[in-house]
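Source file: query-v8.cif; contents: mmCIF, C-alpha atoms and all ligand atoms.
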```
data_start
loop_
_atom_site.label_atom_id
_atom_site.label_comp_id
_atom_site.auth_asym_id
_atom_site.auth_seq_id
_atom_site.Cartn_x
_atom_site.Cartn_y
_atom_site.Cartn_z
CA MET A 1 4.95 -31.70 -35.65
CA ASN A 2 5.13 -29.07 -38.37
CA SER A 3 6.78 -25.68 -37.88
CA ARG A 4 3.44 -23.86 -37.58
CA TRP A 5 2.47 -25.90 -34.55
CA VAL A 6 5.94 -25.59 -33.06
CA GLN A 7 5.63 -21.80 -33.32
CA SER A 8 2.11 -21.88 -31.85
CA PHE A 9 3.29 -24.04 -28.97
CA LYS A 10 6.19 -21.67 -28.23
CA TYR A 11 3.78 -18.74 -28.26
CA LEU A 12 1.35 -20.53 -25.96
CA PHE A 13 4.14 -21.47 -23.57
CA LEU A 14 5.60 -17.96 -23.33
CA THR A 15 2.21 -16.29 -22.95
CA THR A 16 1.18 -18.72 -20.23
CA ILE A 17 4.41 -18.05 -18.35
CA LEU A 18 3.81 -14.29 -18.57
CA ALA A 19 0.17 -14.58 -17.55
CA THR A 20 1.04 -16.79 -14.58
CA SER A 21 3.85 -14.57 -13.35
CA PHE A 22 1.86 -11.33 -13.56
CA SER A 23 -1.45 -12.60 -12.22
CA THR A 24 0.02 -13.35 -8.78
CA HIS A 25 0.82 -9.68 -8.14
CA ALA A 26 -1.40 -7.69 -5.83
CA VAL A 27 -3.11 -4.69 -7.35
CA ILE A 28 -2.44 -1.91 -4.87
CA THR A 29 -3.76 1.52 -5.75
CA GLN A 30 -2.41 4.47 -3.83
CA VAL A 31 -4.95 7.14 -2.92
CA GLY A 32 -4.06 10.77 -2.28
CA SER A 33 -6.74 11.70 0.22
CA THR A 34 -9.41 10.25 2.45
CA ALA A 35 -11.87 10.85 -0.40
CA GLY A 36 -10.19 8.04 -2.33
CA MET A 37 -10.76 5.48 0.39
CA SER A 38 -13.55 3.62 -1.35
CA GLN A 39 -13.67 0.27 0.45
CA GLY A 40 -15.63 1.28 3.52
CA PRO A 41 -16.83 1.05 6.14
CA TYR A 42 -13.65 2.12 7.90
CA ALA A 43 -12.60 2.16 11.52
CA LEU A 44 -10.98 5.47 12.47
CA GLU A 45 -8.50 6.05 15.29
CA ASP A 46 -7.78 9.71 16.05
CA PHE A 47 -5.30 9.04 18.88
CA GLU A 48 -6.97 11.53 21.17
CA ASP A 49 -6.61 9.17 24.11
CA ALA A 50 -4.89 5.91 24.93
CA SER A 51 -8.04 3.86 24.38
CA PHE A 52 -7.85 2.83 20.74
CA VAL A 53 -10.57 1.38 18.55
CA SER A 54 -10.40 -2.40 18.31
CA GLY A 55 -8.96 -4.24 15.33
CA PHE A 56 -5.36 -3.04 15.21
CA THR A 57 -2.15 -2.91 17.20
CA ALA A 58 0.43 -0.17 16.69
CA SER A 59 4.02 -0.85 17.67
CA ALA A 60 7.62 0.26 17.23
CA SER A 61 10.89 -1.11 18.52
CA SER A 62 11.05 1.77 21.02
CA GLY A 63 7.33 1.62 21.84
CA VAL A 64 4.50 3.94 20.81
CA SER A 65 2.42 6.49 22.69
CA THR A 66 0.05 9.35 22.06
CA VAL A 67 1.87 12.68 21.91
CA SER A 68 1.04 16.35 21.54
CA ALA A 69 0.28 17.58 18.03
CA GLY A 70 1.45 21.01 19.16
CA THR A 71 4.87 19.67 20.08
CA TYR A 72 5.34 17.14 17.30
CA ALA A 73 3.53 18.76 14.37
CA SER A 74 3.41 22.47 15.22
CA GLY A 75 -0.31 22.04 15.84
CA GLY A 76 -0.96 21.00 12.25
CA THR A 77 -3.32 18.11 12.86
CA PRO A 78 -6.23 16.38 11.11
CA SER A 79 -7.94 15.79 14.46
CA GLY A 80 -7.89 17.11 18.02
CA THR A 81 -4.67 17.77 19.86
CA SER A 82 -2.66 14.57 19.64
CA GLY A 83 -1.26 11.84 17.41
CA LEU A 84 0.92 8.76 17.75
CA SER A 85 4.72 8.61 17.85
CA THR A 86 7.55 6.46 19.13
CA GLY A 87 9.89 6.31 22.12
CA THR A 88 13.01 7.24 20.19
CA PHE A 89 13.84 8.37 16.66
CA PRO A 90 14.05 7.35 13.94
CA ASP A 91 11.81 4.36 14.50
CA PRO A 92 9.20 3.15 11.99
CA ILE A 93 5.64 2.52 13.17
CA MET A 94 4.05 -0.86 12.43
CA VAL A 95 0.29 -1.33 12.40
CA ALA A 96 -0.98 -4.92 12.47
CA PHE A 97 -4.61 -5.88 11.95
CA ALA A 98 -6.58 -8.42 13.96
CA THR A 99 -8.61 -9.16 10.83
CA PRO A 100 -6.96 -8.53 7.44
CA ALA A 101 -7.72 -5.19 5.80
CA SER A 102 -7.73 -4.32 2.11
CA SER A 103 -7.53 -0.56 2.55
CA VAL A 104 -5.47 1.45 5.03
CA GLY A 105 -4.53 5.10 5.35
CA MET A 106 -3.20 7.68 7.79
CA TYR A 107 -1.83 11.18 8.07
CA PHE A 108 1.85 11.67 8.80
CA GLY A 109 3.79 14.68 10.04
CA ASN A 110 6.75 16.00 12.02
CA ASP A 111 8.33 16.59 8.61
CA ASP A 112 10.53 19.20 10.26
CA THR A 113 13.36 20.99 8.43
CA CYS A 114 15.25 21.00 11.72
CA CYS A 115 16.59 17.58 10.96
CA SER A 116 15.96 16.73 7.32
CA SER A 117 15.93 18.75 4.11
CA THR A 118 13.63 16.29 2.37
CA PHE A 119 12.41 12.72 2.64
CA THR A 120 9.76 10.36 1.36
CA ALA A 121 7.33 8.70 3.75
CA PHE A 122 6.86 5.07 2.72
CA LEU A 123 4.20 2.59 3.65
CA ASP A 124 5.30 -1.03 3.33
CA ILE A 125 2.32 -3.35 2.83
CA PHE A 126 2.33 -6.99 3.91
CA ASP A 127 0.09 -10.02 3.59
CA VAL A 128 0.53 -13.36 5.30
CA GLY A 129 3.29 -14.23 2.84
CA GLY A 130 5.36 -11.06 3.30
CA LEU A 131 5.81 -7.74 1.54
CA ILE A 132 3.37 -7.21 -1.35
CA GLY A 133 3.95 -3.54 -2.11
CA THR A 134 5.22 -0.13 -1.03
CA ILE A 135 3.72 3.31 -1.61
CA GLY A 136 5.34 6.66 -0.92
CA VAL A 137 4.58 10.36 -0.45
CA VAL A 138 7.23 13.09 -0.65
CA ALA A 139 6.98 15.10 2.56
CA ASN A 140 6.16 18.79 2.17
CA MET A 141 8.48 19.68 5.07
CA ASN A 142 6.16 22.03 6.94
CA ASP A 143 6.09 19.98 10.17
CA PHE A 144 2.30 19.66 10.03
CA ALA A 145 0.52 16.31 9.86
CA ASP A 146 -1.20 17.50 6.71
CA GLN A 147 -0.37 14.75 4.19
CA PHE A 148 -2.23 11.50 3.74
CA ILE A 149 -0.77 8.17 2.70
CA GLY A 150 -3.15 5.33 1.93
CA PHE A 151 -4.23 2.66 -0.53
CA ILE A 152 -6.88 0.23 -1.65
CA SER A 153 -5.85 -3.31 -2.56
CA ASP A 154 -7.33 -6.45 -4.07
CA GLU A 155 -5.50 -8.57 -1.49
CA ALA A 156 -5.98 -8.95 2.23
CA VAL A 157 -3.34 -7.04 4.17
CA THR A 158 -2.16 -8.16 7.58
CA LYS A 159 0.11 -5.25 8.52
CA VAL A 160 1.72 -2.05 7.28
CA THR A 161 4.85 -0.20 8.32
CA LEU A 162 5.28 3.56 8.03
CA ARG A 163 8.90 4.66 7.63
CA TYR A 164 10.60 7.93 6.79
CA GLY A 165 13.26 7.28 4.16
CA THR A 166 14.90 3.95 4.86
CA GLY A 167 13.47 4.03 8.37
CA SER A 168 16.87 4.83 9.85
CA ASP A 169 18.31 7.69 7.79
CA VAL A 170 15.90 10.53 8.68
CA GLY A 171 16.51 12.05 12.11
CA LEU A 172 12.89 12.66 12.99
CA TYR A 173 10.24 11.03 15.14
CA HIS A 174 7.68 9.29 12.96
CA TYR A 175 4.28 10.77 13.71
CA ILE A 176 0.85 9.63 12.51
CA ASP A 177 -2.75 10.59 13.09
CA ASP A 178 -6.23 9.55 11.96
CA LEU A 179 -5.43 5.97 11.08
CA GLN A 180 -8.23 4.34 9.12
CA PHE A 181 -8.62 0.76 7.99
CA ASN A 182 -11.35 -1.56 6.76
CA ASN A 183 -12.06 -5.26 7.08
CA ALA A 184 -11.24 -7.12 3.88
CA GLY A 185 -13.63 -9.94 4.71
CA THR A 186 -16.76 -7.83 4.84
CA THR A 187 -16.10 -5.23 2.17
CA PRO A 188 -16.67 -5.53 -1.55
CA GLU A 189 -13.75 -6.04 -3.86
CA PRO A 190 -12.70 -3.02 -5.96
CA ASP A 191 -14.23 -2.64 -9.39
CA PRO A 192 -12.85 -5.31 -11.71
CA ILE A 193 -9.69 -4.14 -13.40
CA PRO A 194 -8.11 -6.24 -16.16
CA GLU A 195 -5.05 -7.80 -14.61
CA PRO A 196 -1.89 -8.55 -16.57
CA GLY A 197 -2.81 -12.23 -16.38
CA THR A 198 -6.12 -11.54 -18.07
CA LEU A 199 -4.43 -9.35 -20.65
CA GLY A 200 -1.99 -12.16 -21.35
CA LEU A 201 -4.90 -14.50 -22.05
CA PHE A 202 -6.42 -11.98 -24.42
CA ALA A 203 -3.06 -11.65 -26.18
CA LEU A 204 -2.89 -15.42 -26.46
CA LEU A 205 -6.36 -15.71 -27.98
CA ALA A 206 -5.71 -12.78 -30.32
CA GLY A 207 -2.44 -14.38 -31.38
CA VAL A 208 -4.10 -17.72 -32.12
CA LEU A 209 -6.86 -16.08 -34.13
CA LEU A 210 -4.37 -14.04 -36.10
CA ARG A 211 -2.32 -17.12 -36.82
CA ARG A 212 -5.40 -18.96 -38.03
CA LYS A 213 -6.13 -16.12 -40.41
CA THR A 214 -2.56 -15.98 -41.62
CA TYR A 215 -2.20 -19.64 -42.49
CA CA A 301 -5.57 13.27 16.55
CA CA A 302 3.70 18.01 6.51
#
```
Could I get this structure in the form of structure tokens?
Amino acid sequence: MNSRWVQSFKYLFLTTILATSFSTHAVITQVGSTAGMSQGPYALEDFEDASFVSGFTASASSGVSTVSAGTYASGGTPSGTSGLSTGTFPDPIMVAFATPASSVGMYFGNDDTCCSSTFTAFLDIFDVGGLIGTIGVVANMNDFADQFIGFISDEAVTKVTLRYGTGSDVGLYHYIDDLQFNNAGTTPEPDPIPEPGTLGLFALLAGVLLRRKTY
């Protein structure tokens, strides 16, 4: 085997490794408002009563319940007069889906300066195999549930967990409202976006063509 083919083989090997390793990653795109939730239709739960829409289960280690937006979020609410919080604090809220979703979002609040100077609200995103991504929003610390955290994904998501900071280092009740989620099985995939795996293949082909021209 001459040196040209040895070099080509090395290049092919490395590019294939890169393409394979990157192409398994989920493409999760964070959206900043409900307007960016483009994989509808969505189910919406406004937590105005204890009878929730079907398709999800909310839980926390200390339990969850609907609570007063006036008490927990100084009345700053995206809907009605109540939201969802936990039995004790701090305690992250997990939302699991009966049928996998590819897009989930919610408002969060109780970002009260009483008990924290600043924190980031994180949403951990899981599929059947475990954690596939995390998105975050820096809280504006006005107590209101006036910030949205959400995403669209190219992978089916089985559950999400909302946590303030690490989930245990912010002395506040986690509080959410207007949870929305879709059904990954009946919604179209997002517009095709070149994935790193695809880019790697292009790089490989470009490299081969360049080499052919060079020699
Ligand atoms: Ca509400
Ligand atoms: Ca706020």
Pick out the residues sitting within 7 Å of stretch 141-158 of chain A, and hand them over as a CSV table (one decimal) with C-alpha atoms, in the frame of the given file; count all atoms listed in the file, and ignore anything fewer than 5 positions along from it in its own chain.
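Everything below was put into part_10.csv:
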```csv
chain,number,residue,atom,x,y,z
A,26,ALA,CA,-1.4,-7.7,-5.8
A,27,VAL,CA,-3.1,-4.7,-7.4
A,28,ILE,CA,-2.4,-1.9,-4.9
A,29,THR,CA,-3.8,1.5,-5.8
A,30,GLN,CA,-2.4,4.5,-3.8
A,31,VAL,CA,-5.0,7.1,-2.9
A,32,GLY,CA,-4.1,10.8,-2.3
A,33,SER,CA,-6.7,11.7,0.2
A,37,MET,CA,-10.8,5.5,0.4
A,73,ALA,CA,3.5,18.8,14.4
A,74,SER,CA,3.4,22.5,15.2
A,75,GLY,CA,-0.3,22.0,15.8
A,76,GLY,CA,-1.0,21.0,12.2
A,77,THR,CA,-3.3,18.1,12.9
A,78,PRO,CA,-6.2,16.4,11.1
A,96,ALA,CA,-1.0,-4.9,12.5
A,97,PHE,CA,-4.6,-5.9,12.0
A,100,PRO,CA,-7.0,-8.5,7.4
A,101,ALA,CA,-7.7,-5.2,5.8
A,102,SER,CA,-7.7,-4.3,2.1
A,103,SER,CA,-7.5,-0.6,2.6
A,104,VAL,CA,-5.5,1.4,5.0
A,105,GLY,CA,-4.5,5.1,5.4
A,106,MET,CA,-3.2,7.7,7.8
A,107,TYR,CA,-1.8,11.2,8.1
A,108,PHE,CA,1.8,11.7,8.8
A,109,GLY,CA,3.8,14.7,10.0
A,110,ASN,CA,6.8,16.0,12.0
A,111,ASP,CA,8.3,16.6,8.6
A,112,ASP,CA,10.5,19.2,10.3
A,113,THR,CA,13.4,21.0,8.4
A,118,THR,CA,13.6,16.3,2.4
A,125,ILE,CA,2.3,-3.4,2.8
A,126,PHE,CA,2.3,-7.0,3.9
A,127,ASP,CA,0.1,-10.0,3.6
A,128,VAL,CA,0.5,-13.4,5.3
A,184,ALA,CA,-11.2,-7.1,3.9
A,189,GLU,CA,-13.8,-6.0,-3.9
A,190,PRO,CA,-12.7,-3.0,-6.0
```
Next on the checklist: As a quick test: using all atoms listed in the file, which residues lie no more than 7 Å away from ligand CA 301 (chain A)? Give them as JSON, numbers by chain.
Outcome noted: {"A": [46, 47, 48, 77, 78, 79, 80, 81, 82, 83, 177, 178]}
Write a file of the selected residues as a CSV table (one decimal), in the coordinates of the input, keeping C-alpha atoms.
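File selection-v9.csv, as written:
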```csv
chain,number,residue,atom,x,y,z
A,46,ASP,CA,-7.8,9.7,16.0
A,47,PHE,CA,-5.3,9.0,18.9
A,48,GLU,CA,-7.0,11.5,21.2
A,77,THR,CA,-3.3,18.1,12.9
A,78,PRO,CA,-6.2,16.4,11.1
A,79,SER,CA,-7.9,15.8,14.5
A,80,GLY,CA,-7.9,17.1,18.0
A,81,THR,CA,-4.7,17.8,19.9
A,82,SER,CA,-2.7,14.6,19.6
A,83,GLY,CA,-1.3,11.8,17.4
A,177,ASP,CA,-2.8,10.6,13.1
A,178,ASP,CA,-6.2,9.6,12.0
```
Checklist entry - Out of A:Gly129, A:Ser51, A:Val137, A:Ala60, which residue has the shortest atom-to-atom distance to ligand CA 302 (chain A) when counting all atoms listed in the file? => result A:Val137
Checklist outcome for this item: atom CA of A:Phe181 to atom CA of A:Tyr42 measures 5.2 Å
Item to check | Shell of 10 Å around A:Thr57, only C-alpha atoms, local chain residues under 2 positions omitted, as number ranges by chain | outcome: A: 52-55, 59, 94-98, 159
Item to check | For atom CA of A:Ser116 and atom CA of A:Arg163, the interatomic separation in Å (one decimal) | outcome: 14.0 Å
Checklist entry - Any idea what's packed within 8 Å of A:Val64, counting only C-alpha atoms, ignoring anything in its chain fewer than 4 positions away? Could you give it as a ChimeraX atom specification? => result /A:58-60,84-87,93
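When only C-alpha atoms and all ligand atoms are used to measure the gap to ligand CA 302 (chain A), the shortest distance among A:Ile132, A:Ala139, A:Ile176, A:Ala121 belongs to A:Ala139.
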Output of stretch 34-63 of chain A limited to N, CA and C atoms, as a short mmCIF file (atom, residue, chain, number, x, y, z; two decimals), in the first residue's frame:
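Okay, selection.cif is ready:
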```cif
data_model
loop_
_atom_site.label_atom_id
_atom_site.label_comp_id
_atom_site.auth_asym_id
_atom_site.auth_seq_id
_atom_site.Cartn_x
_atom_site.Cartn_y
_atom_site.Cartn_z
N THR A 34 -43.18 31.22 24.08
CA THR A 34 -44.14 30.27 23.52
C THR A 34 -44.21 30.39 22.00
N ALA A 35 -43.86 31.56 21.47
CA ALA A 35 -43.90 31.76 20.02
C ALA A 35 -42.92 30.83 19.30
N GLY A 36 -41.88 30.38 19.99
CA GLY A 36 -40.89 29.52 19.38
C GLY A 36 -41.24 28.04 19.42
N MET A 37 -42.37 27.73 20.01
CA MET A 37 -42.77 26.33 20.14
C MET A 37 -43.45 25.91 18.84
N SER A 38 -42.66 25.35 17.95
CA SER A 38 -43.11 25.17 16.56
C SER A 38 -43.46 23.73 16.20
N GLN A 39 -43.60 22.86 17.20
CA GLN A 39 -43.89 21.46 16.89
C GLN A 39 -45.27 21.04 17.41
N GLY A 40 -46.23 21.93 17.20
CA GLY A 40 -47.58 21.66 17.68
C GLY A 40 -48.29 20.58 16.90
N PRO A 41 -49.46 20.14 17.34
CA PRO A 41 -50.22 20.76 18.43
C PRO A 41 -49.67 20.42 19.83
N TYR A 42 -49.94 21.32 20.76
CA TYR A 42 -49.48 21.15 22.14
C TYR A 42 -50.67 20.95 23.08
N ALA A 43 -50.43 20.16 24.12
CA ALA A 43 -51.36 20.13 25.25
C ALA A 43 -50.89 21.21 26.22
N LEU A 44 -51.83 21.88 26.85
CA LEU A 44 -51.50 22.96 27.79
C LEU A 44 -52.15 22.69 29.13
N GLU A 45 -51.37 22.74 30.19
CA GLU A 45 -51.90 22.62 31.55
C GLU A 45 -51.65 23.93 32.30
N ASP A 46 -52.74 24.57 32.71
CA ASP A 46 -52.59 25.88 33.38
C ASP A 46 -52.64 25.77 34.90
N PHE A 47 -52.81 24.58 35.43
CA PHE A 47 -52.79 24.33 36.87
C PHE A 47 -53.81 25.15 37.65
N GLU A 48 -54.95 25.40 36.99
CA GLU A 48 -55.99 26.15 37.69
C GLU A 48 -56.84 25.27 38.60
N ASP A 49 -56.76 23.98 38.39
CA ASP A 49 -57.42 23.06 39.32
C ASP A 49 -56.62 21.76 39.34
N ALA A 50 -57.04 20.85 40.18
CA ALA A 50 -56.26 19.62 40.38
C ALA A 50 -56.52 18.57 39.30
N SER A 51 -57.39 18.88 38.36
CA SER A 51 -57.67 17.95 37.27
C SER A 51 -56.82 18.33 36.06
N PHE A 52 -55.73 17.60 35.87
CA PHE A 52 -54.78 17.97 34.83
C PHE A 52 -55.13 17.32 33.49
N VAL A 53 -54.67 17.94 32.41
CA VAL A 53 -54.83 17.32 31.10
C VAL A 53 -54.08 15.98 31.09
N SER A 54 -54.52 15.07 30.26
CA SER A 54 -53.88 13.76 30.22
C SER A 54 -52.56 13.83 29.46
N GLY A 55 -51.70 12.86 29.70
CA GLY A 55 -50.47 12.76 28.94
C GLY A 55 -49.20 13.05 29.72
N PHE A 56 -49.35 13.50 30.96
CA PHE A 56 -48.13 13.77 31.76
C PHE A 56 -48.41 13.50 33.23
N THR A 57 -47.31 13.30 33.96
CA THR A 57 -47.38 13.18 35.41
C THR A 57 -46.30 14.09 36.01
N ALA A 58 -46.70 14.99 36.89
CA ALA A 58 -45.73 15.84 37.58
C ALA A 58 -45.46 15.25 38.95
N SER A 59 -44.20 15.30 39.37
CA SER A 59 -43.86 14.74 40.68
C SER A 59 -42.64 15.44 41.27
N ALA A 60 -42.47 15.28 42.54
CA ALA A 60 -41.29 15.77 43.27
C ALA A 60 -41.12 14.87 44.48
N SER A 61 -39.94 14.85 45.05
CA SER A 61 -39.73 13.94 46.18
C SER A 61 -40.63 14.29 47.35
N SER A 62 -41.01 15.58 47.47
CA SER A 62 -41.90 15.99 48.56
C SER A 62 -43.35 16.11 48.11
N GLY A 63 -43.64 15.71 46.88
CA GLY A 63 -44.99 15.80 46.34
C GLY A 63 -45.24 17.14 45.67
#
```
